[in-house]
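Listing of target.txt, compact mmCIF, C-alpha atoms
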# COMPACT_ATOMS: atom_id res chain seq x y z
CA MET A 225 -112.97 96.08 -223.05
CA SER A 226 -110.01 97.42 -221.08
CA ALA A 227 -110.04 97.47 -217.29
CA PRO A 228 -111.55 100.66 -215.82
CA PHE A 229 -108.59 100.95 -213.43
CA HIS A 230 -105.09 99.51 -213.49
CA HIS A 231 -104.07 99.80 -209.84
CA VAL A 232 -106.64 99.57 -207.03
CA ALA A 233 -105.62 100.37 -203.46
CA VAL A 234 -107.86 99.01 -200.71
CA ILE A 235 -107.67 100.74 -197.32
CA GLY A 236 -109.21 98.62 -194.58
CA LEU A 237 -109.01 94.84 -194.96
CA GLY A 238 -112.05 93.52 -193.12
CA LEU A 239 -115.01 91.75 -194.73
CA LEU A 240 -115.68 94.35 -197.42
CA GLY A 241 -112.08 95.36 -198.09
CA SER A 242 -111.02 91.74 -198.35
CA SER A 243 -113.95 90.99 -200.66
CA VAL A 244 -113.10 93.95 -202.90
CA ALA A 245 -109.50 92.73 -203.17
CA HIS A 246 -110.55 89.15 -203.92
CA ALA A 247 -113.17 90.28 -206.43
CA VAL A 248 -110.75 92.54 -208.31
CA ARG A 249 -108.17 89.78 -208.55
CA ALA A 250 -110.80 87.30 -209.77
CA SER A 251 -112.66 89.57 -212.20
CA LEU A 252 -109.97 92.03 -213.31
CA PRO A 253 -106.82 89.88 -213.43
CA GLY A 254 -104.72 92.56 -215.13
CA THR A 255 -105.39 95.06 -212.35
CA ARG A 256 -102.84 95.42 -209.55
CA VAL A 257 -104.23 95.35 -206.00
CA THR A 258 -102.46 96.80 -202.98
CA GLY A 259 -103.86 96.92 -199.47
CA PHE A 260 -103.40 98.46 -196.07
CA ASP A 261 -105.00 98.10 -192.65
CA ALA A 262 -104.20 100.06 -189.52
CA GLU A 263 -103.97 96.84 -187.49
CA PRO A 264 -100.61 95.04 -187.91
CA THR A 265 -102.19 91.64 -187.21
CA VAL A 266 -104.71 92.20 -190.00
CA ARG A 267 -101.96 93.19 -192.42
CA GLU A 268 -100.02 90.05 -191.58
CA ARG A 269 -103.06 87.85 -192.04
CA ALA A 270 -103.78 89.53 -195.38
CA ARG A 271 -100.26 88.65 -196.50
CA VAL A 272 -100.64 85.05 -195.36
CA ILE A 273 -103.87 84.48 -197.31
CA GLY A 274 -102.56 86.28 -200.40
CA MET A 275 -105.31 88.86 -200.45
CA ALA A 276 -103.50 91.32 -202.72
CA ASP A 277 -100.41 91.75 -204.87
CA ALA A 278 -98.86 93.68 -201.99
CA ILE A 279 -99.84 94.63 -198.44
CA ALA A 280 -98.21 97.90 -197.42
CA ASP A 281 -97.21 98.95 -193.92
CA THR A 282 -98.54 102.49 -194.40
CA ALA A 283 -101.52 103.98 -196.17
CA VAL A 284 -99.21 106.22 -198.19
CA GLN A 285 -97.31 103.21 -199.53
CA ALA A 286 -100.55 101.42 -200.41
CA VAL A 287 -101.99 104.26 -202.51
CA THR A 288 -98.78 105.26 -204.28
CA GLY A 289 -99.35 104.81 -208.00
CA ALA A 290 -103.01 103.81 -207.61
CA ASP A 291 -105.63 105.20 -209.99
CA LEU A 292 -108.48 104.04 -207.70
CA VAL A 293 -108.53 104.02 -203.90
CA VAL A 294 -111.40 102.27 -202.10
CA LEU A 295 -111.78 103.15 -198.42
CA CYS A 296 -113.21 100.15 -196.55
CA VAL A 297 -113.05 101.49 -193.01
CA PRO A 298 -115.94 102.29 -190.64
CA VAL A 299 -117.72 105.47 -191.74
CA GLY A 300 -116.59 107.29 -188.61
CA ALA A 301 -112.96 106.65 -189.54
CA MET A 302 -113.17 107.88 -193.15
CA ALA A 303 -111.71 111.33 -192.51
CA ASP A 304 -108.72 110.00 -190.55
CA ALA A 305 -108.03 107.36 -193.21
CA ALA A 306 -108.22 109.99 -195.94
CA HIS A 307 -105.77 112.29 -194.14
CA ALA A 308 -103.36 109.40 -193.57
CA MET A 309 -103.16 108.44 -197.24
CA ALA A 310 -103.32 111.94 -198.73
CA PRO A 311 -99.55 112.45 -199.24
CA GLY A 312 -99.33 109.38 -201.46
CA LEU A 313 -102.23 110.14 -203.81
CA ALA A 314 -101.42 110.61 -207.47
CA PRO A 315 -103.00 113.39 -209.54
CA GLY A 316 -106.21 112.17 -211.16
CA VAL A 317 -106.76 109.27 -208.75
CA VAL A 318 -110.41 108.43 -208.07
CA ILE A 319 -111.34 108.09 -204.39
CA SER A 320 -114.27 105.89 -203.37
CA ASP A 321 -115.52 103.93 -200.37
CA VAL A 322 -117.98 101.24 -199.31
CA GLY A 323 -119.70 103.03 -196.41
CA SER A 324 -123.34 102.44 -195.52
CA SER A 325 -124.11 106.15 -194.99
CA LYS A 326 -123.25 108.52 -197.78
CA ALA A 327 -123.95 112.19 -197.08
CA SER A 328 -121.59 112.29 -194.10
CA VAL A 329 -118.92 110.27 -195.90
CA GLY A 330 -119.05 112.47 -198.98
CA ALA A 331 -118.68 115.58 -196.84
CA ALA A 332 -115.83 114.07 -194.80
CA LEU A 333 -113.87 112.99 -197.87
CA ALA A 334 -114.40 116.32 -199.64
CA ALA A 335 -113.08 118.18 -196.59
CA ALA A 336 -110.11 115.86 -196.11
CA LEU A 337 -109.13 115.64 -199.78
CA PRO A 338 -109.89 118.98 -201.45
CA GLY A 339 -109.36 118.97 -205.19
CA HIS A 340 -109.50 115.18 -205.51
CA ARG A 341 -111.99 113.19 -207.56
CA ILE A 342 -114.43 111.56 -205.15
CA ILE A 343 -117.20 109.09 -206.11
CA PRO A 344 -118.71 107.59 -202.93
CA ALA A 345 -120.21 104.11 -203.22
CA HIS A 346 -122.20 101.65 -201.16
CA PRO A 347 -122.26 97.99 -202.20
CA VAL A 348 -125.38 96.68 -200.49
CA ALA A 349 -123.83 93.36 -199.56
CA GLY A 350 -122.31 91.75 -196.54
CA THR A 351 -122.47 88.98 -193.98
CA GLU A 352 -122.38 88.93 -190.20
CA GLN A 353 -118.74 87.87 -190.36
CA SER A 354 -115.82 90.28 -190.05
CA GLY A 355 -112.07 90.30 -190.52
CA PRO A 356 -109.79 89.55 -193.47
CA ASP A 357 -110.70 85.86 -193.62
CA ALA A 358 -114.40 86.68 -194.03
CA GLY A 359 -114.05 88.17 -197.52
CA PHE A 360 -114.80 86.31 -200.73
CA ALA A 361 -114.76 87.22 -204.42
CA THR A 362 -118.47 86.68 -205.14
CA LEU A 363 -119.88 88.83 -202.33
CA PHE A 364 -121.06 91.54 -204.73
CA ARG A 365 -122.45 89.28 -207.45
CA ASN A 366 -126.04 90.24 -208.35
CA ARG A 367 -126.14 92.73 -205.49
CA TRP A 368 -126.78 96.44 -205.82
CA CYS A 369 -124.00 98.97 -205.56
CA ILE A 370 -125.26 102.53 -205.11
CA LEU A 371 -123.04 105.40 -206.31
CA THR A 372 -123.63 108.89 -204.89
CA PRO A 373 -121.44 111.21 -206.95
CA PRO A 374 -121.24 114.90 -206.05
CA ALA A 375 -122.92 117.33 -208.43
CA ASP A 376 -119.61 118.34 -209.99
CA ALA A 377 -118.32 114.80 -210.54
CA ASP A 378 -116.63 114.08 -213.87
CA PRO A 379 -118.96 111.89 -215.99
CA ALA A 380 -115.92 109.91 -217.15
CA ASP A 381 -114.98 109.10 -213.53
CA LEU A 382 -118.54 108.03 -212.82
CA ALA A 383 -118.57 105.80 -215.90
CA ARG A 384 -115.35 104.13 -214.77
CA MET A 385 -116.82 103.46 -211.32
CA VAL A 386 -119.94 101.95 -212.87
CA ALA A 387 -117.75 99.72 -215.04
CA PHE A 388 -115.65 98.77 -212.01
CA TRP A 389 -118.57 97.58 -209.90
CA GLU A 390 -120.25 95.86 -212.83
CA ALA A 391 -117.00 93.98 -213.44
CA LEU A 392 -117.19 92.77 -209.83
CA GLY A 393 -120.67 91.41 -210.54
CA ALA A 394 -122.80 94.16 -209.01
CA ARG A 395 -125.84 95.94 -210.40
CA VAL A 396 -125.25 99.68 -210.20
CA GLU A 397 -127.66 102.47 -209.30
CA THR A 398 -126.83 106.19 -208.98
CA MET A 399 -128.68 108.49 -206.61
CA ASP A 400 -128.35 111.56 -204.42
CA ALA A 401 -126.53 110.93 -201.14
CA GLU A 402 -129.35 112.24 -198.94
CA HIS A 403 -131.88 110.06 -200.75
CA HIS A 404 -129.61 107.05 -200.34
CA ASP A 405 -129.41 107.65 -196.60
CA LEU A 406 -133.20 107.83 -196.28
CA VAL A 407 -133.73 104.63 -198.30
CA LEU A 408 -131.05 102.70 -196.43
CA ALA A 409 -132.33 103.92 -193.08
CA VAL A 410 -135.47 101.84 -193.59
CA THR A 411 -134.07 98.94 -195.62
CA SER A 412 -130.86 98.32 -193.65
CA HIS A 413 -130.18 100.59 -190.69
CA LEU A 414 -133.53 100.32 -188.91
CA PRO A 415 -133.66 96.50 -189.27
CA HIS A 416 -130.23 96.28 -187.66
CA LEU A 417 -131.33 98.56 -184.81
CA ILE A 418 -134.42 96.41 -184.26
CA ALA A 419 -132.33 93.22 -184.34
CA TYR A 420 -129.88 94.56 -181.78
CA THR A 421 -132.81 95.55 -179.56
CA ILE A 422 -134.66 92.23 -179.78
CA VAL A 423 -131.54 90.19 -179.12
CA GLY A 424 -130.73 92.47 -176.18
CA THR A 425 -134.23 91.94 -174.78
CA ALA A 426 -133.84 88.18 -175.19
CA SER A 427 -130.50 88.35 -173.41
CA ASP A 428 -132.21 89.93 -170.41
CA LEU A 429 -134.94 87.25 -170.49
CA GLU A 430 -132.32 84.52 -170.79
CA ARG A 431 -131.42 84.99 -167.14
CA VAL A 432 -135.09 84.72 -166.14
CA THR A 433 -135.97 81.66 -168.20
CA GLN A 434 -132.79 79.70 -167.43
CA SER A 435 -131.59 79.19 -171.02
CA GLU A 436 -134.98 78.50 -172.60
CA VAL A 437 -134.82 81.56 -174.86
CA ILE A 438 -131.74 80.29 -176.67
CA LYS A 439 -132.65 76.60 -176.35
CA PHE A 440 -136.01 77.03 -178.06
CA SER A 441 -135.08 79.80 -180.49
CA ALA A 442 -137.21 79.63 -183.63
CA GLY A 443 -136.08 80.66 -187.10
CA GLY A 444 -137.21 84.26 -186.76
CA PHE A 445 -135.16 84.91 -183.65
CA ARG A 446 -132.22 83.03 -185.19
CA ASP A 447 -132.24 85.41 -188.16
CA PHE A 448 -132.34 88.39 -185.81
CA THR A 449 -129.24 87.06 -184.05
CA ARG A 450 -127.48 86.76 -187.41
CA ILE A 451 -128.09 90.45 -188.12
CA ALA A 452 -127.18 91.46 -184.57
CA ALA A 453 -123.83 89.68 -184.92
CA SER A 454 -122.65 92.33 -187.39
CA ASP A 455 -119.59 94.42 -186.62
CA PRO A 456 -120.40 96.73 -183.67
CA THR A 457 -117.93 99.47 -184.62
CA MET A 458 -119.32 99.74 -188.13
CA TRP A 459 -122.93 99.93 -186.97
CA ARG A 460 -122.23 102.37 -184.16
CA ASP A 461 -120.75 104.72 -186.77
CA VAL A 462 -123.62 104.14 -189.21
CA PHE A 463 -126.26 105.13 -186.66
CA LEU A 464 -124.33 108.23 -185.59
CA THR A 465 -123.49 109.43 -189.11
CA ASN A 466 -127.00 108.78 -190.48
CA ARG A 467 -128.72 109.96 -187.32
CA ASP A 468 -131.44 112.17 -188.84
CA ALA A 469 -132.71 109.59 -191.34
CA VAL A 470 -132.54 106.77 -188.77
CA LEU A 471 -134.49 108.82 -186.21
CA ASP A 472 -137.08 109.68 -188.88
CA MET A 473 -137.58 106.02 -189.76
CA LEU A 474 -137.51 104.98 -186.10
CA GLY A 475 -140.31 107.46 -185.36
CA ARG A 476 -142.41 106.07 -188.20
CA PHE A 477 -141.75 102.51 -187.06
CA SER A 478 -142.71 103.37 -183.48
CA ARG A 479 -146.04 104.79 -184.69
CA ASP A 480 -146.72 101.67 -186.79
CA LEU A 481 -145.80 99.43 -183.86
CA ALA A 482 -148.16 101.37 -181.60
CA GLU A 483 -150.99 100.80 -184.11
CA LEU A 484 -150.33 97.05 -184.05
CA GLU A 485 -150.28 97.11 -180.25
CA THR A 486 -153.65 98.85 -180.29
CA ALA A 487 -155.06 96.24 -182.68
CA ILE A 488 -153.87 93.39 -180.47
CA ARG A 489 -155.35 95.00 -177.33
CA ALA A 490 -158.66 95.57 -179.17
CA ASP A 491 -158.76 91.99 -180.49
CA ASP A 492 -158.82 93.53 -183.99
CA GLY A 493 -157.94 90.54 -186.15
CA ALA A 494 -158.90 92.26 -189.40
CA THR A 495 -156.29 94.98 -188.98
CA LEU A 496 -153.61 92.44 -188.15
CA PHE A 497 -154.54 90.23 -191.10
CA ASP A 498 -154.53 93.16 -193.55
CA HIS A 499 -151.13 94.33 -192.30
CA PHE A 500 -149.56 90.87 -192.48
CA THR A 501 -150.99 90.28 -195.96
CA ARG A 502 -149.48 93.52 -197.26
CA THR A 503 -146.06 92.85 -195.78
CA ARG A 504 -146.06 89.26 -197.06
CA ALA A 505 -146.42 90.63 -200.60
CA ILE A 506 -143.32 92.76 -200.07
CA ARG A 507 -141.33 89.65 -199.12
CA ARG A 508 -142.44 87.95 -202.34
CA SER A 509 -141.35 91.00 -204.34
CA ILE A 510 -137.88 90.86 -202.78
CA ILE A 511 -137.53 87.22 -203.85
CA GLU A 512 -138.81 87.95 -207.36
CA MET A 513 -136.19 90.69 -207.74
CA GLY A 514 -133.44 88.23 -206.84
CA GLN A 515 -132.54 89.95 -203.58
CA ASP A 516 -133.04 86.83 -201.47
CA ASP A 517 -133.64 83.11 -201.75
CA ALA A 518 -136.97 81.26 -201.56
CA ARG A 519 -135.32 77.90 -200.90
CA PRO A 520 -135.90 76.10 -197.58
CA ASP A 521 -134.05 77.84 -194.76
CA PHE A 522 -133.76 80.86 -197.10
CA GLY A 523 -130.58 79.41 -198.57
CA ARG A 524 -128.80 80.35 -195.34
CA GLY A 525 -126.39 77.48 -195.84
CA ASP A 526 -124.73 79.67 -198.47
CA HIS A 527 -123.06 83.02 -197.97
CA VAL A 528 -125.59 85.66 -197.02
CA GLY A 529 -125.41 88.58 -199.41
CA ALA A 530 -127.49 91.37 -197.95
CA GLU A 531 -126.20 93.94 -195.53

Representation of the structure as structure tokens:
Amino acid sequence: MSAPFHHVAVIGLGLLGSSVAHAVRASLPGTRVTGFDAEPTVRERARVIGMADAIADTAVQAVTGADLVVLCVPVGAMADAAHAMAPGLAPGVVISDVGSSKASVGAALAAALPGHRIIPAHPVAGTEQSGPDAGFATLFRNRWCILTPPADADPADLARMVAFWEALGARVETMDAEHHDLVLAVTSHLPHLIAYTIVGTASDLERVTQSEVIKFSAGGFRDFTRIAASDPTMWRDVFLTNRDAVLDMLGRFSRDLAELETAIRADDGATLFDHFTRTRAIRRSIIEMGQDDARPDFGRGDHVGAE
């Protein structure tokens, strides 16, 4: 089977951009990879570690001749990145991204690049690390990549994007952008918001308890700190661009939390036990579907693969 694309340009060379570049070079060896990042120090580091066949000094140079461009910048920067590279885009090039919110990204790219072929994507994979050195070729292996093509997308372009992500090891699902944003609000965005909040609360308590919060941190709090260590720029943009869905899920969570508070105040052990039993079954389902590891310490000694 021939490669779905022959020249992939990656714009933004942090964790995801670096991983896309590494994965393409490992899984599609005949495909040329060029890259660009707005930060000169990142570009230089990308050159040093040999991330791509070429690291350009401008976005226009990076996308020249590419038949696929993958935008790996924070979702709030998508429009600016699209405008910057627009003069170098070839006719027929497919434009995609790796953003965690999709309706806003699709709208921003359509407005910035009228007439271009746009297939937004979200590989549901990541770690708490950031920067060009954080990327690795197997990040997407056995992880989901969700494509949210516009209604008028060319089926051939969509098929090529499916083949591309499958070649990188991902399992591919296609859905409507608004539905994606609702699903990810509860599975990814709300957990990150909760983690940031809990770690912030612990930080305030740290001053009161004279280091005991961190000294005696149990596994649950440790995992919250892992999530809360994620890139702040990326998550600021995610919450702002997926505001409506996040606020919807946050409202539902607040109501559920209030019910648990009521049960604790009322010494209602049955309600607590029923709730914990139901949520425990969900955890087992996640493991059975291969979306996490049941090994001791959750396999955290390896790269973490869920965003």

Can you pull out the residues contacting Thr288 of chain A? Cut-off 12 Å, using all atoms listed in the file, and skip same-chain residues under 4 positions away; I want them as JSON, numbers by chain. {"A": [231, 232, 233, 234, 256, 257, 258, 259, 260, 278, 280, 282, 283, 284, 292, 293, 309, 310, 311, 312, 313, 314, 315, 317]}

Sort by chain and increasing residue number a table of all residues of segment 312-407 of chain A within 10 Å of segment 464-479 of chain A, each with its closest pair of atoms and their distance in Å to one decimal, counting all atoms listed in the file, and write it as JSON lines.
{"residue": "A:Ser324", "atom": "CA", "partner": "A:Asn466", "partner_atom": "CA", "distance": 8.9}
{"residue": "A:Ser325", "atom": "CA", "partner": "A:Asn466", "partner_atom": "CA", "distance": 6.0}
{"residue": "A:Lys326", "atom": "CA", "partner": "A:Asn466", "partner_atom": "CA", "distance": 8.2}
{"residue": "A:Ala327", "atom": "CA", "partner": "A:Asn466", "partner_atom": "CA", "distance": 8.0}
{"residue": "A:Ser328", "atom": "CA", "partner": "A:Thr465", "partner_atom": "CA", "distance": 6.1}
{"residue": "A:Val329", "atom": "CA", "partner": "A:Thr465", "partner_atom": "CA", "distance": 8.2}
{"residue": "A:Glu402", "atom": "CA", "partner": "A:Ala469", "partner_atom": "CA", "distance": 8.7}
{"residue": "A:His403", "atom": "CA", "partner": "A:Ala469", "partner_atom": "CA", "distance": 9.5}
{"residue": "A:His404", "atom": "CA", "partner": "A:Ala469", "partner_atom": "CA", "distance": 9.9}
{"residue": "A:Asp405", "atom": "CA", "partner": "A:Ala469", "partner_atom": "CA", "distance": 6.5}
{"residue": "A:Leu406", "atom": "CA", "partner": "A:Ala469", "partner_atom": "CA", "distance": 5.3}
{"residue": "A:Val407", "atom": "CA", "partner": "A:Ala469", "partner_atom": "CA", "distance": 8.6}

Need the shell around Met385 of chain A: protein/DNA/RNA residues with any atom at most 10 Å away, counting only C-alpha atoms. Skip same-chain ones fewer than 6 positions apart. Format as a PyMOL selection string? chain A and resi 228-229+292+318-320+343-345+371+379+391+396

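The residue that comes closest to Phe463 of chain A, out of A:Val299, A:Ala387, A:Leu337, A:Leu240 and on the basis of only C-alpha atoms, is A:Val299.
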
Interatomic distance, atom CA of Ile342 of chain A to atom CA of Ala227 of chain A (Å, one decimal):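 That distance, rounded to one decimal, is 19.1 Å.
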
Looking at A:Ile488, A:Met275, A:Ala453, A:Ile506, which one is nearest to Gly359 of chain A, with distances taken over all atoms listed in the file?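 Counting all atoms listed in the file, the residue closest to Gly359 of chain A is A:Met275.
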
Exercise: Val248 of chain A partners within 9 Å, only C-alpha atoms, chain neighbours under 2 positions left out, as a PyMOL selection string: chain A and resi 232+243-246+250-253+255-257+361+388+391-392

Take the residues from that selection and write them out as an mmCIF file, in the frame of the given file, keeping C-alpha atoms.
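selection-v4.cif, written as the output of this step:
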data_model
loop_
_atom_site.group_PDB
_atom_site.id
_atom_site.type_symbol
_atom_site.label_atom_id
_atom_site.label_comp_id
_atom_site.auth_asym_id
_atom_site.auth_seq_id
_atom_site.Cartn_x
_atom_site.Cartn_y
_atom_site.Cartn_z
ATOM 1 C CA VAL A 232 -106.640 99.570 -207.030
ATOM 2 C CA SER A 243 -113.950 90.990 -200.660
ATOM 3 C CA VAL A 244 -113.100 93.950 -202.900
ATOM 4 C CA ALA A 245 -109.500 92.730 -203.170
ATOM 5 C CA HIS A 246 -110.550 89.150 -203.920
ATOM 6 C CA ALA A 250 -110.800 87.300 -209.770
ATOM 7 C CA SER A 251 -112.660 89.570 -212.200
ATOM 8 C CA LEU A 252 -109.970 92.030 -213.310
ATOM 9 C CA PRO A 253 -106.820 89.880 -213.430
ATOM 10 C CA THR A 255 -105.390 95.060 -212.350
ATOM 11 C CA ARG A 256 -102.840 95.420 -209.550
ATOM 12 C CA VAL A 257 -104.230 95.350 -206.000
ATOM 13 C CA ALA A 361 -114.760 87.220 -204.420
ATOM 14 C CA PHE A 388 -115.650 98.770 -212.010
ATOM 15 C CA ALA A 391 -117.000 93.980 -213.440
ATOM 16 C CA LEU A 392 -117.190 92.770 -209.830
#

For the atom pair atom CA of Ile273 of chain A and atom CA of Thr351 of chain A, what is the interatomic distance in Å to one decimal place?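 Separating atom CA of Ile273 of chain A from atom CA of Thr351 of chain A is a distance of 19.4 Å.
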
For each of A:Ile418, A:Ala394, A:Ala334, A:Ala262, take the minimum atom-to-atom distance to Ala377 of chain A, counting only C-alpha atoms, then give the residue where this is smallest. A:Ala334

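Between atom CA of Asp498 of chain A and atom CA of Gly424 of chain A the separation is 29.5 Å.
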
Between A:Ala308, A:Val297, A:Ala409, A:Val322, smallest distance to Met458 of chain A by only C-alpha atoms belongs to A:Val297

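Distances from A:His346, A:Arg269, A:His307, A:Arg341 to Leu408 of chain A were compared using all atoms listed in the file, and the smallest one belongs to A:His346.
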
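Restricting the calculation to all atoms listed in the file, the smallest distance between Gly339 of chain A and any of A:Pro456, A:Asp376, A:Ala247, A:Gly355 is found for A:Asp376.
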